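K.L.:
One structure follows; several queries about it will come next.
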Amino acid sequence: MISRFILFLWILIHSTSLFATEISGLISDNEGMPLPFASVYLKGTTIGTTSNENGNYVLNLDPGNYELIYQYVGFKQLTKSVVVGNSNMVLDVMLAPEEISLTQIVVSADAEDPAYRVIREAIKKRKFYKDQVEGFTCDVYIKGNQKILDAPEKILGQEIGDFGGSLDSNRQGIVYLSESVSKLHYRRPNDYKEVMISSKVSGDDNGFSFNQARVMNFSFYDSKVDIGRPNVSPIANNAMMMYKYRMEGTFYDDVGRLVNKIEVIPKRELDPVFRGYIYIIEDLWNIHSTELYLTKDATKIPVLDTLYIKQVHVPAGDSAWLPISQTITFNAAVLKFKFEGYFTGIFKNYILNPAFEKGFFGNEVFTVKEESNEKDLQYWDTIRPIPLTKEENIDYTKKDSLQIVWKSKTYLDSVDHKNNKFKPLSLIAGYSFSRSYKKKYLEFAPLLGTIRFNAVQGYNVSLDVSYRKEYDDIGAKWFEVNPSLQFGFSDKKVRGNIIGTYNFDRTKFTRLSVRGGWEAKQFHEGAIGPMVNGLYAMIAKKHYMKLYDKIYGEVNFRQEITNGIYFKGSIEYADRRPLLNTTNYSFNKKKEMVDYPANDPLDPTNYSPSFVQNQALKFQMSWRFRIKQEYIKYPDRKFIIGSKWPDLTIHYTAGLPILGSDVNYHQLRLSVYERIEMGLFGSSRIAGEVGMFLSKKAIEFMDYKHFNGNQTILADGNKYLRTFQLLPYYQYSTNKPYVEGHYMHHFNGFIWNKIPLLKKLGFTTVAGAHVQYAKGEKPYVEWSFGIDNIGWKLFRFIRVDFVNGYRPGIGWDAGFVVGFKLPGN
């Protein structure tokens with residue numbers, strides 16, 4: 001599923017002879033109103049084009065005699081015979097509204113609407129048409145246009161500006177305009193290979209378009225169409241459970257085929273279903289065209305208002321009907337910004353059931369040619385099937401000039417001069433200083449956000465600084481230094497560390513980092529967040545964050561060795577020293593005379609050092625294997641799509657007894673992760689790990705296997721899947737063979753949307769189960785059920801779970817946890 005925002009889709013190509021004759025004109029209704037995104041194609045072929053949003057079209061043809069078919073959903077098809085010579089010609093056409101016939105449809109009050117008969121026949125034939133074509137190759141042209149309709153001047157007191165000149169005085173303007181031409185290859189059931197041949201992005205001569213025909217190639221012969229979440233096709237096998245249908249009427253196409261126009265009506269407002277019209281051909285029972293749309297409630301995309309999908313299908317072979325044009329339009333709003341946009345694509349030159357060579361389809365499903373962004377204006381003027389609107393022409397011209405300004409030293413220095421101003425609150429609220437032309441950036445984190453409290457250091461504050469130098473325009477190659485100083489007001493100690501990182505590329509994800517310093521570390525890094533620990537310390541006088549001092553140096557390296565095989569390795573030498581509580585301060589005056597629990601992770605009554613100072617030389621490496629990992633390849637970067645197979649990772653850690661190191665052990669872990677999509681029923685995630693110490697001649701407690709636990713009512717929203725919400729942080733830590741398993745299922749509205757009144761809140765439900773076992777011990781088991789997606793509009797980050805866990809020797813325990821989560825957790 002695309003999650004960033006599936007609205008950003010992509011489409012199709014075609015190329016023509018440089019010597020072709022241009023036919024252009026305006027497609028309008030009989031009152032002269034332009035018809036946007038109308039289809040024009042040669043009769044008996046899949047060669048055609050689409051009008052732009054102003055109704056203008058252009059079609060390049062070699063000299064000869066042709067029959068042009070003009071088609072727009074809801075209007076009569078028009079066939080024009082034309083003789084094309086060597087001179088360009090203008091051919092304006094008017095389309096008349098379709099004369100929908102209802103004369104033979106008589107529906108009594110208790111009779112079933114005749115639309116149901118048609119839909120049942122279409123459902124019977126759905127799989128036939130879905131599997132009818134074994135494969136195809138076609139050319140695809142795509143144009144994408146996104147426009148801001150309204151933008152605030154400020155957000156949270158910060159000026160928004162005019163996006164470098166993209167917005168006019170009315171706070172409107174195009175922010176994304178791109179065209180692309182691709183060759184699309186498909187083999188049933190799900191093999192795709194797309195090669196982008198040419199790309200044009202307004203305002204960026206060196207940019208590559210993100211248009212993808214593969215993503216935009218929706219088929220309503222599939223039972224579900226994934227946009228935000230799986231949305232049920234109007235002719236899916238279970239469609240009758242989700243939709244009502246109404247026969248709008250019938251009409252005949254250009255060759256006398258009877259076409260049924262059927263209105264698609266959701267049975268329930270919040271179900272993942274479409275609305276609008278679907279056109280089915282009588283007797284053939286295939287899709288003629290669609291004019292369907294989705295709402296925010298259907299997709300569960302908070303920023304979306306409405307998304308329209310308009311398709312036109314034509315015969316591409318003896319009996320196969322395939323889309324020649326598809327237009328997706330949408331409008332959305334977020335943080336007082338209002339958007340509208342469209343992606344429209346032309347599919348042509350279909351070759352059905354080609355003989356693909358063995359190995360033709362692979363894991364690289366989308367490739368952008370390095371020279372694709374080097375096409376000149378003459379090329380685009382020659383091959384462009386959809387004319388640019390006046391606004392689009394102006395945008396290209398304006399941004400071709402603006403991009404020179406945007407990259408100039410004078411402009412970048414002027415922007416920096418404004419943004420680099422130091423303000424009185426910068427010390428506590430944060431400050432950034434940029435030299436954008438030289439790609440150098442310095443940032444000081446807000447001091448206010450670094451204030452923490454724990455029983456070992458007391459109040460502590462950090463000064464965190466970041467310096468970054470980039471070596472290209474896309475941020476693929478960069479160097480970053482992050483020094484940090486921390487002072488504890490109770491233990492009176494200054495600690496600090498520094499991290500240096502060099503990122504080599506975005507194709508192999510190669511990165512080298514060196515870090516070192518003196519830090520107070522948790523025995524299990526990340527066991528509890530510092531803010532949550534400080535809150536429980538101040539209010540309940542709890543001390544969950546068990547710390548020790550670590551003076552260390554470490555080198556890390558990572559790289560994707562080959563597609564789907566990812567390596568990470570590190571070596572570290574550390575001096576590890578015990579720490580004790582140094583303060584008894586708390587907001588809770590009732591517990592003023594009560595001491596904090598000791599800093600011993602296993603014995604809260606032991607106020608002596610919990611271990612002896614030691615040195616440790618550790619080597620770690622992990623290999624992650626993702627079988628048949630699909631990806632998108634640009635000349636300068638790579639984007640991972642994913643795999644249908646589980647992720648498998650092998651971890652190895654060695655404590656090496658050399659160079660004065662006191663540890664001597666070898667640990668091996670095997671972990672697995674899988675996500676399973678279940679359509680309307682939601683999605684499941686599974687994670688598991690099995691591990692053991694191959695040897696443990698000398699091992700300290702911080703080197704044990706620690707499980708993600710939680711002893712507070714606040715859950716870590718980023719670690720829901722792999723966390724035991726009622727498990728003590730260190731009670732089950734082990735150096736024995738162990739296994740842990742986690743399962744979580746997000747129902748995505750399958751349950752909640754069926755609850756009267758409450759369903760309009762937009763919440764969802766989630767359930768989970770977790771188990772942990774170590775050799776010689778009894779297993780710990782936990783299950784949970786919760787309400788997710790709690791919030792309002794775009795801000796839905798809260799989740800509440802009821803959790804029930806069984807601890808051996810204690811019995812069942814239950815409680816609620818509340819978490820603030822990021823999407824996908």
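As shown in the structure tokens, the chain order sets the letters A, B, ...; within each chain, residues go from 1, and ligands are also counted from 1 in the order they appear.
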Using the chain letters and numbers from this document, which residues of region 135-335 of chain A does DSSP assign to helix (DSSP H, G or I), as a PyMOL selection string?

P.N.:
chain A and resi 213-216+239-242+296-299

K.L.:
Any chance you could export the current selection's C-alpha atoms as a PDB file, in the first residue's frame?

P.N.:
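New file out-v9.pdb:
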```pdb
ATOM      1  CA  ALA A 213       2.063   4.267 -14.897  1.00  0.00           C
ATOM      2  CA  ARG A 214       2.263   1.063 -12.861  1.00  0.00           C
ATOM      3  CA  VAL A 215       0.834   2.760  -9.788  1.00  0.00           C
ATOM      4  CA  MET A 216      -1.903   4.522 -11.729  1.00  0.00           C
ATOM      5  CA  ALA A 239     -20.014  -6.049  -4.049  1.00  0.00           C
ATOM      6  CA  MET A 240     -23.722  -6.753  -3.459  1.00  0.00           C
ATOM      7  CA  MET A 241     -23.020  -6.621   0.281  1.00  0.00           C
ATOM      8  CA  MET A 242     -21.476  -3.155  -0.018  1.00  0.00           C
ATOM      9  CA  LYS A 296     -12.252  10.833   2.778  1.00  0.00           C
ATOM     10  CA  ASP A 297     -14.433   8.403   4.745  1.00  0.00           C
ATOM     11  CA  ALA A 298     -13.812   5.665   2.196  1.00  0.00           C
ATOM     12  CA  THR A 299     -10.039   6.043   1.941  1.00  0.00           C
TER      13      THR A 299
END
```

K.L.:
What's the 6 Å shell around Asp305 (chain A), counting only C-alpha atoms, without same-chain residues fewer than 2 positions away, as a list in words?

P.N.:
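Everything that qualifies: Thr295, Lys296, Asn331 and Ala332 of chain A.
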
K.L.:
Pick out the residues sitting within 9 Å of Met531 (chain A), and hand them over as a PDB file with N, CA, C and O atoms, in the first residue's frame; count only C-alpha atoms, and ignore anything fewer than 5 positions along from it in its own chain.

P.N.:
```pdb
ATOM      1  N   ILE A 451      15.745  19.361  28.795  1.00  0.00           N
ATOM      2  CA  ILE A 451      15.708  19.265  30.261  1.00  0.00           C
ATOM      3  C   ILE A 451      15.039  17.961  30.676  1.00  0.00           C
ATOM      4  O   ILE A 451      13.918  17.667  30.276  1.00  0.00           O
ATOM      5  N   ARG A 452      15.740  17.159  31.454  1.00  0.00           N
ATOM      6  CA  ARG A 452      15.265  15.855  31.896  1.00  0.00           C
ATOM      7  C   ARG A 452      15.515  15.700  33.396  1.00  0.00           C
ATOM      8  O   ARG A 452      16.233  16.483  34.016  1.00  0.00           O
ATOM      9  N   PHE A 453      14.941  14.642  33.978  1.00  0.00           N
ATOM     10  CA  PHE A 453      15.191  14.348  35.388  1.00  0.00           C
ATOM     11  C   PHE A 453      15.262  12.842  35.571  1.00  0.00           C
ATOM     12  O   PHE A 453      14.455  12.087  35.002  1.00  0.00           O
ATOM     13  N   TYR A 536       7.225  10.019  35.899  1.00  0.00           N
ATOM     14  CA  TYR A 536       6.938   9.066  36.980  1.00  0.00           C
ATOM     15  C   TYR A 536       7.803   9.325  38.212  1.00  0.00           C
ATOM     16  O   TYR A 536       7.381   9.068  39.346  1.00  0.00           O
TER      17      TYR A 536
END
```

K.L.:
Using only C-alpha atoms, which protein or nucleic acid residues come within 10 Å of Arg807 (chain A)? Drop anything in the same chain fewer than 4 positions from it, and give the result as number ranges by chain.

P.N.:
A: 726-727, 778-782, 811-813

K.L.:
Please provide the set of residues having any atom within 9 Å of region 623-630 of chain A, restricted to only C-alpha atoms, with same-chain residues fewer than 3 positions apart removed, written as a list in words.

P.N.:
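Residues near the query, excluding close chain neighbours: Gly362, Asn363, Glu364, Val365, Asn563, Gly564, Ile565, Tyr566, Phe567, Lys568, Gly569, Phe639, Ile640, Ile641, Gly642, Ser643, Lys644, Trp645, Pro646, Asp647, Leu648, Thr649, Ile650, His651 and Tyr652 of chain A.
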
K.L.:
I'd like the contact shell of region 64-71 of chain A - 10 Å cut-off, only C-alpha atoms, skipping same-chain residues fewer than 3 positions apart - returned as a JSON list (two decimals) with N, CA, C and O atoms, in the first residue's frame.

P.N.:
```
[["chain", "number", "residue", "atom", "x", "y", "z"],
["A", 21, "THR", "N", 1.49, 14.89, -38.95],
["A", 21, "THR", "CA", 0.63, 16.09, -39.05],
["A", 21, "THR", "C", -0.13, 16.24, -37.74],
["A", 21, "THR", "O", -0.63, 15.27, -37.17],
["A", 27, "ILE", "N", -12.78, 20.40, -27.67],
["A", 27, "ILE", "CA", -13.93, 19.50, -27.46],
["A", 27, "ILE", "C", -14.84, 20.17, -26.45],
["A", 27, "ILE", "O", -14.42, 20.47, -25.33],
["A", 37, "PHE", "N", -10.54, 16.45, -20.21],
["A", 37, "PHE", "CA", -10.13, 15.04, -20.17],
["A", 37, "PHE", "C", -11.06, 14.15, -20.99],
["A", 37, "PHE", "O", -11.35, 13.01, -20.62],
["A", 38, "ALA", "N", -11.54, 14.67, -22.12],
["A", 38, "ALA", "CA", -12.29, 13.84, -23.07],
["A", 38, "ALA", "C", -11.31, 13.00, -23.88],
["A", 38, "ALA", "O", -10.15, 13.39, -24.09],
["A", 39, "SER", "N", -11.77, 11.83, -24.35],
["A", 39, "SER", "CA", -10.90, 10.91, -25.09],
["A", 39, "SER", "C", -11.09, 11.08, -26.60],
["A", 39, "SER", "O", -12.21, 11.27, -27.07],
["A", 40, "VAL", "N", -9.97, 10.98, -27.31],
["A", 40, "VAL", "CA", -9.96, 10.99, -28.77],
["A", 40, "VAL", "C", -9.08, 9.84, -29.22],
["A", 40, "VAL", "O", -7.93, 9.74, -28.77],
["A", 41, "TYR", "N", -9.59, 8.95, -30.08],
["A", 41, "TYR", "CA", -8.75, 7.84, -30.52],
["A", 41, "TYR", "C", -9.16, 7.40, -31.92],
["A", 41, "TYR", "O", -10.27, 7.67, -32.40],
["A", 42, "LEU", "N", -8.24, 6.70, -32.58],
["A", 42, "LEU", "CA", -8.50, 6.17, -33.91],
["A", 42, "LEU", "C", -9.37, 4.94, -33.78],
["A", 42, "LEU", "O", -9.07, 4.03, -33.00],
["A", 43, "LYS", "N", -10.42, 4.89, -34.55],
["A", 43, "LYS", "CA", -11.34, 3.76, -34.51],
["A", 43, "LYS", "C", -10.60, 2.45, -34.80],
["A", 43, "LYS", "O", -9.80, 2.37, -35.74],
["A", 44, "GLY", "N", -10.86, 1.45, -33.94],
["A", 44, "GLY", "CA", -10.26, 0.14, -34.13],
["A", 44, "GLY", "C", -8.85, 0.02, -33.61],
["A", 44, "GLY", "O", -8.20, -1.00, -33.82],
["A", 48, "GLY", "N", -4.51, 7.18, -29.29],
["A", 48, "GLY", "CA", -5.39, 8.30, -29.00],
["A", 48, "GLY", "C", -4.77, 9.28, -28.04],
["A", 48, "GLY", "O", -3.58, 9.24, -27.74],
["A", 49, "THR", "N", -5.59, 10.18, -27.55],
["A", 49, "THR", "CA", -5.14, 11.20, -26.62],
["A", 49, "THR", "C", -6.31, 11.63, -25.75],
["A", 49, "THR", "O", -7.42, 11.07, -25.83],
["A", 50, "THR", "N", -6.07, 12.63, -24.92],
["A", 50, "THR", "CA", -7.08, 13.17, -24.02],
["A", 50, "THR", "C", -7.00, 14.68, -24.06],
["A", 50, "THR", "O", -5.91, 15.25, -24.18],
["A", 61, "LEU", "N", -0.73, 12.52, -36.48],
["A", 61, "LEU", "CA", -1.01, 11.40, -37.37],
["A", 61, "LEU", "C", -0.22, 11.54, -38.67],
["A", 61, "LEU", "O", 0.00, 12.66, -39.16],
["A", 74, "GLY", "N", -20.99, 10.31, -20.33],
["A", 74, "GLY", "CA", -22.23, 11.05, -20.21],
["A", 74, "GLY", "C", -22.64, 11.77, -21.48],
["A", 74, "GLY", "O", -23.69, 12.41, -21.52],
["A", 75, "PHE", "N", -21.78, 11.66, -22.54],
["A", 75, "PHE", "CA", -22.08, 12.30, -23.81],
["A", 75, "PHE", "C", -22.04, 11.27, -24.94],
["A", 75, "PHE", "O", -21.37, 10.24, -24.84],
["A", 76, "LYS", "N", -22.73, 11.57, -26.03],
["A", 76, "LYS", "CA", -22.72, 10.67, -27.17],
["A", 76, "LYS", "C", -21.33, 10.60, -27.80],
["A", 76, "LYS", "O", -20.65, 11.62, -27.93],
["A", 77, "GLN", "N", -20.95, 9.40, -28.19],
["A", 77, "GLN", "CA", -19.74, 9.27, -28.97],
["A", 77, "GLN", "C", -19.95, 9.95, -30.33],
["A", 77, "GLN", "O", -21.02, 9.92, -30.90],
["A", 78, "LEU", "N", -18.87, 10.56, -30.81],
["A", 78, "LEU", "CA", -18.93, 11.21, -32.11],
["A", 78, "LEU", "C", -17.81, 10.65, -32.98],
["A", 78, "LEU", "O", -16.65, 10.59, -32.55],
["A", 79, "THR", "N", -18.14, 10.21, -34.18],
["A", 79, "THR", "CA", -17.15, 9.70, -35.12],
["A", 79, "THR", "C", -16.97, 10.70, -36.25],
["A", 79, "THR", "O", -17.95, 11.14, -36.88],
["A", 80, "LYS", "N", -15.71, 11.08, -36.50],
["A", 80, "LYS", "CA", -15.39, 12.03, -37.56],
["A", 80, "LYS", "C", -14.44, 11.36, -38.55],
["A", 80, "LYS", "O", -13.40, 10.83, -38.16],
["A", 81, "SER", "N", -14.79, 11.40, -39.83],
["A", 81, "SER", "CA", -13.89, 10.93, -40.88],
["A", 81, "SER", "C", -13.02, 12.10, -41.31],
["A", 81, "SER", "O", -13.52, 13.19, -41.63],
["A", 82, "VAL", "N", -11.71, 11.90, -41.29],
["A", 82, "VAL", "CA", -10.79, 12.97, -41.63],
["A", 82, "VAL", "C", -9.77, 12.47, -42.65],
["A", 82, "VAL", "O", -9.37, 11.30, -42.63],
["A", 83, "VAL", "N", -9.38, 13.35, -43.53],
["A", 83, "VAL", "CA", -8.29, 13.08, -44.48],
["A", 83, "VAL", "C", -7.12, 13.94, -44.05],
["A", 83, "VAL", "O", -7.19, 15.18, -44.06],
["A", 84, "VAL", "N", -6.04, 13.30, -43.64],
["A", 84, "VAL", "CA", -4.88, 14.01, -43.11],
["A", 84, "VAL", "C", -3.85, 14.18, -44.23],
["A", 84, "VAL", "O", -3.44, 13.21, -44.87],
["A", 85, "GLY", "N", -3.48, 15.41, -44.46],
["A", 85, "GLY", "CA", -2.45, 15.69, -45.44],
["A", 85, "GLY", "C", -1.15, 16.06, -44.75],
["A", 85, "GLY", "O", -0.85, 15.59, -43.65],
["A", 86, "ASN", "N", -0.40, 16.97, -45.35],
["A", 86, "ASN", "CA", 0.89, 17.38, -44.80],
["A", 86, "ASN", "C", 0.80, 18.67, -44.00],
["A", 86, "ASN", "O", 1.79, 19.12, -43.43],
["A", 93, "VAL", "N", -14.90, 20.08, -32.11],
["A", 93, "VAL", "CA", -16.09, 19.22, -32.12],
["A", 93, "VAL", "C", -16.96, 19.57, -30.92],
["A", 93, "VAL", "O", -16.48, 20.01, -29.88],
["A", 94, "MET", "N", -18.26, 19.35, -31.10],
["A", 94, "MET", "CA", -19.22, 19.48, -30.01],
["A", 94, "MET", "C", -19.86, 18.13, -29.77],
["A", 94, "MET", "O", -20.26, 17.45, -30.71],
["A", 95, "LEU", "N", -19.93, 17.73, -28.50],
["A", 95, "LEU", "CA", -20.56, 16.47, -28.13],
["A", 95, "LEU", "C", -21.92, 16.75, -27.51],
["A", 95, "LEU", "O", -22.05, 17.66, -26.67],
["A", 253, "ASP", "N", -23.37, 2.64, -28.41],
["A", 253, "ASP", "CA", -22.10, 3.25, -28.79],
["A", 253, "ASP", "C", -22.01, 3.35, -30.32],
["A", 253, "ASP", "O", -22.99, 3.10, -31.04],
["A", 254, "ASP", "N", -20.81, 3.67, -30.83],
["A", 254, "ASP", "CA", -20.65, 3.98, -32.25],
["A", 254, "ASP", "C", -20.87, 2.78, -33.17],
["A", 254, "ASP", "O", -21.10, 2.95, -34.37],
["A", 312, "VAL", "N", -11.65, 5.30, -19.66],
["A", 312, "VAL", "CA", -12.29, 4.96, -20.92],
["A", 312, "VAL", "C", -11.60, 3.71, -21.46],
["A", 312, "VAL", "O", -10.37, 3.69, -21.61]]
```

K.L.:
I'd like the interatomic distance between CA of Val259 (chain A) and CA of Leu352 (chain A), to a tenth of an Å.

P.N.:
24.9 Å

K.L.:
Apply DSSP to the backbone of this structure and, from region 297-335 of chain A, keep only the residues in strand (DSSP E); write these as a list of chain:residue names.

P.N.:
A:Leu304, A:Asp305, A:Thr306, A:Leu307, A:Tyr308, A:Ile309, A:Lys310, A:Gln311, A:Val312, A:His313, A:Val314, A:Pro315, A:Trp321, A:Leu322, A:Pro323, A:Ile324, A:Ser325, A:Gln326, A:Thr327, A:Ile328, A:Thr329, A:Phe330, A:Asn331, A:Ala332, A:Ala333, A:Val334

K.L.:
Can I get the selected residues back with N, CA, C and O atoms, as an mmCIF file, in the first residue's frame?

P.N.:
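Output file selection_26.cif follows:
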```cif
data_model
loop_
_atom_site.group_PDB
_atom_site.id
_atom_site.type_symbol
_atom_site.label_atom_id
_atom_site.label_comp_id
_atom_site.auth_asym_id
_atom_site.auth_seq_id
_atom_site.Cartn_x
_atom_site.Cartn_y
_atom_site.Cartn_z
ATOM 1 N N LEU A 304 -7.628 14.212 2.435
ATOM 2 C CA LEU A 304 -8.362 14.119 1.178
ATOM 3 C C LEU A 304 -9.825 14.509 1.366
ATOM 4 O O LEU A 304 -10.456 14.150 2.351
ATOM 5 N N ASP A 305 -10.344 15.241 0.393
ATOM 6 C CA ASP A 305 -11.774 15.497 0.357
ATOM 7 C C ASP A 305 -12.424 14.491 -0.588
ATOM 8 O O ASP A 305 -13.200 13.653 -0.170
ATOM 9 N N THR A 306 -12.084 14.579 -1.867
ATOM 10 C CA THR A 306 -12.669 13.680 -2.870
ATOM 11 C C THR A 306 -11.610 13.328 -3.909
ATOM 12 O O THR A 306 -10.790 14.179 -4.282
ATOM 13 N N LEU A 307 -11.644 12.090 -4.379
ATOM 14 C CA LEU A 307 -10.746 11.638 -5.441
ATOM 15 C C LEU A 307 -11.579 10.955 -6.520
ATOM 16 O O LEU A 307 -12.325 10.023 -6.233
ATOM 17 N N TYR A 308 -11.469 11.446 -7.757
ATOM 18 C CA TYR A 308 -12.246 10.938 -8.880
ATOM 19 C C TYR A 308 -11.369 10.083 -9.791
ATOM 20 O O TYR A 308 -10.212 10.434 -10.058
ATOM 21 N N ILE A 309 -11.928 8.980 -10.266
ATOM 22 C CA ILE A 309 -11.244 8.117 -11.229
ATOM 23 C C ILE A 309 -12.131 7.986 -12.458
ATOM 24 O O ILE A 309 -13.242 7.454 -12.381
ATOM 25 N N LYS A 310 -11.603 8.470 -13.566
ATOM 26 C CA LYS A 310 -12.358 8.436 -14.813
ATOM 27 C C LYS A 310 -11.573 7.615 -15.826
ATOM 28 O O LYS A 310 -10.415 7.920 -16.124
ATOM 29 N N GLN A 311 -12.186 6.554 -16.343
ATOM 30 C CA GLN A 311 -11.533 5.650 -17.284
ATOM 31 C C GLN A 311 -12.358 5.523 -18.562
ATOM 32 O O GLN A 311 -13.586 5.578 -18.515
ATOM 33 N N VAL A 312 -11.648 5.304 -19.659
ATOM 34 C CA VAL A 312 -12.285 4.963 -20.923
ATOM 35 C C VAL A 312 -11.603 3.715 -21.462
ATOM 36 O O VAL A 312 -10.374 3.692 -21.613
ATOM 37 N N HIS A 313 -12.393 2.656 -21.725
ATOM 38 C CA HIS A 313 -11.872 1.406 -22.262
ATOM 39 C C HIS A 313 -12.273 1.284 -23.735
ATOM 40 O O HIS A 313 -13.377 1.693 -24.124
ATOM 41 N N VAL A 314 -11.372 0.701 -24.529
ATOM 42 C CA VAL A 314 -11.676 0.430 -25.940
ATOM 43 C C VAL A 314 -11.157 -0.954 -26.286
ATOM 44 O O VAL A 314 -10.300 -1.500 -25.575
ATOM 45 N N PRO A 315 -11.668 -1.557 -27.372
ATOM 46 C CA PRO A 315 -11.149 -2.867 -27.776
ATOM 47 C C PRO A 315 -9.679 -2.760 -28.175
ATOM 48 O O PRO A 315 -9.297 -1.922 -28.983
ATOM 49 N N TRP A 321 -10.776 -5.552 -23.896
ATOM 50 C CA TRP A 321 -10.972 -4.120 -23.731
ATOM 51 C C TRP A 321 -9.984 -3.626 -22.682
ATOM 52 O O TRP A 321 -9.929 -4.162 -21.568
ATOM 53 N N LEU A 322 -9.230 -2.596 -23.014
ATOM 54 C CA LEU A 322 -8.237 -2.053 -22.098
ATOM 55 C C LEU A 322 -8.356 -0.537 -22.052
ATOM 56 O O LEU A 322 -8.850 0.085 -23.000
ATOM 57 N N PRO A 323 -7.917 0.080 -20.972
ATOM 58 C CA PRO A 323 -8.034 1.539 -20.872
ATOM 59 C C PRO A 323 -7.083 2.244 -21.821
ATOM 60 O O PRO A 323 -5.912 1.868 -21.945
ATOM 61 N N ILE A 324 -7.589 3.277 -22.501
ATOM 62 C CA ILE A 324 -6.708 4.126 -23.307
ATOM 63 C C ILE A 324 -6.479 5.469 -22.626
ATOM 64 O O ILE A 324 -5.542 6.191 -22.979
ATOM 65 N N SER A 325 -7.331 5.807 -21.678
ATOM 66 C CA SER A 325 -7.107 7.031 -20.915
ATOM 67 C C SER A 325 -7.631 6.835 -19.500
ATOM 68 O O SER A 325 -8.611 6.130 -19.275
ATOM 69 N N GLN A 326 -6.927 7.457 -18.583
ATOM 70 C CA GLN A 326 -7.347 7.411 -17.183
ATOM 71 C C GLN A 326 -6.959 8.730 -16.542
ATOM 72 O O GLN A 326 -5.817 9.181 -16.672
ATOM 73 N N THR A 327 -7.921 9.339 -15.880
ATOM 74 C CA THR A 327 -7.678 10.623 -15.232
ATOM 75 C C THR A 327 -8.076 10.523 -13.765
ATOM 76 O O THR A 327 -9.164 10.041 -13.439
ATOM 77 N N ILE A 328 -7.179 10.960 -12.930
ATOM 78 C CA ILE A 328 -7.435 10.990 -11.489
ATOM 79 C C ILE A 328 -7.365 12.442 -11.048
ATOM 80 O O ILE A 328 -6.345 13.116 -11.245
ATOM 81 N N THR A 329 -8.440 12.954 -10.526
ATOM 82 C CA THR A 329 -8.464 14.318 -10.004
ATOM 83 C C THR A 329 -8.781 14.270 -8.519
ATOM 84 O O THR A 329 -9.440 13.342 -8.042
ATOM 85 N N PHE A 330 -8.312 15.234 -7.784
ATOM 86 C CA PHE A 330 -8.533 15.230 -6.336
ATOM 87 C C PHE A 330 -8.511 16.644 -5.797
ATOM 88 O O PHE A 330 -7.978 17.569 -6.415
ATOM 89 N N ASN A 331 -9.099 16.809 -4.639
ATOM 90 C CA ASN A 331 -8.954 18.031 -3.867
ATOM 91 C C ASN A 331 -8.723 17.655 -2.419
ATOM 92 O O ASN A 331 -9.206 16.624 -1.942
ATOM 93 N N ALA A 332 -7.954 18.468 -1.739
ATOM 94 C CA ALA A 332 -7.527 18.123 -0.383
ATOM 95 C C ALA A 332 -7.259 19.402 0.394
ATOM 96 O O ALA A 332 -7.160 20.491 -0.183
ATOM 97 N N ALA A 333 -7.127 19.250 1.704
ATOM 98 C CA ALA A 333 -6.835 20.389 2.573
ATOM 99 C C ALA A 333 -6.062 19.905 3.784
ATOM 100 O O ALA A 333 -6.342 18.834 4.332
ATOM 101 N N VAL A 334 -5.052 20.698 4.179
ATOM 102 C CA VAL A 334 -4.275 20.374 5.367
ATOM 103 C C VAL A 334 -3.654 21.660 5.905
ATOM 104 O O VAL A 334 -3.082 22.450 5.157
#
```

K.L.:
Please determine, counting only C-alpha atoms, which residue among A:Phe444, A:Tyr379, A:Tyr141, A:Phe433 has the shortest atom-to-atom distance to Ile346 (chain A).

P.N.:
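Ranked by minimum distance to Ile346 (chain A), first place goes to A:Tyr141.
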
K.L.:
Which residues of region 442-466 of chain A sit at most 12 Å from region 423-427 of chain A, using only C-alpha atoms? Give each one's shortest atom pair and distance in Å (one decimal place), in chain and ascending residue order, as CSV.

P.N.:
```
residue,atom,partner,partner_atom,distance
A:Glu443,CA,A:Ser426,CA,10.7
A:Phe444,CA,A:Leu427,CA,8.0
A:Ala445,CA,A:Leu427,CA,8.5
A:Pro446,CA,A:Leu427,CA,6.7
A:Leu447,CA,A:Leu427,CA,6.6
A:Leu448,CA,A:Leu427,CA,8.6
A:Gly449,CA,A:Leu427,CA,11.1
A:Thr450,CA,A:Leu427,CA,11.9
A:Ser462,CA,A:Leu427,CA,12.0
A:Leu463,CA,A:Leu427,CA,9.8
A:Asp464,CA,A:Leu427,CA,11.3
A:Val465,CA,A:Leu427,CA,11.8
```

K.L.:
For each of A:Thr582, A:Asn373, A:Gln212, A:Asn52, take the minimum atom-to-atom distance to Phe489 (chain A), counting only C-alpha atoms, then give the residue where this is smallest.

P.N.:
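Using only C-alpha atoms, Phe489 (chain A) sits closest to A:Thr582.
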
K.L.:
Of the candidates A:Phe611, A:Tyr552, A:Tyr634, A:Tyr72, which one gets nearest to Phe366 (chain A) if we count only C-alpha atoms?

P.N.:
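Nearest candidate to Phe366 (chain A) out of A:Phe611, A:Tyr552, A:Tyr634, A:Tyr72: A:Tyr634.
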
K.L.:
Counting only C-alpha atoms, figure out which residue out of A:Ser733, A:Asn420, A:Thr382, A:Asn497 gets nearest to Val514 (chain A).

P.N.:
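For Val514 (chain A), the nearest of the candidates is A:Asn497.
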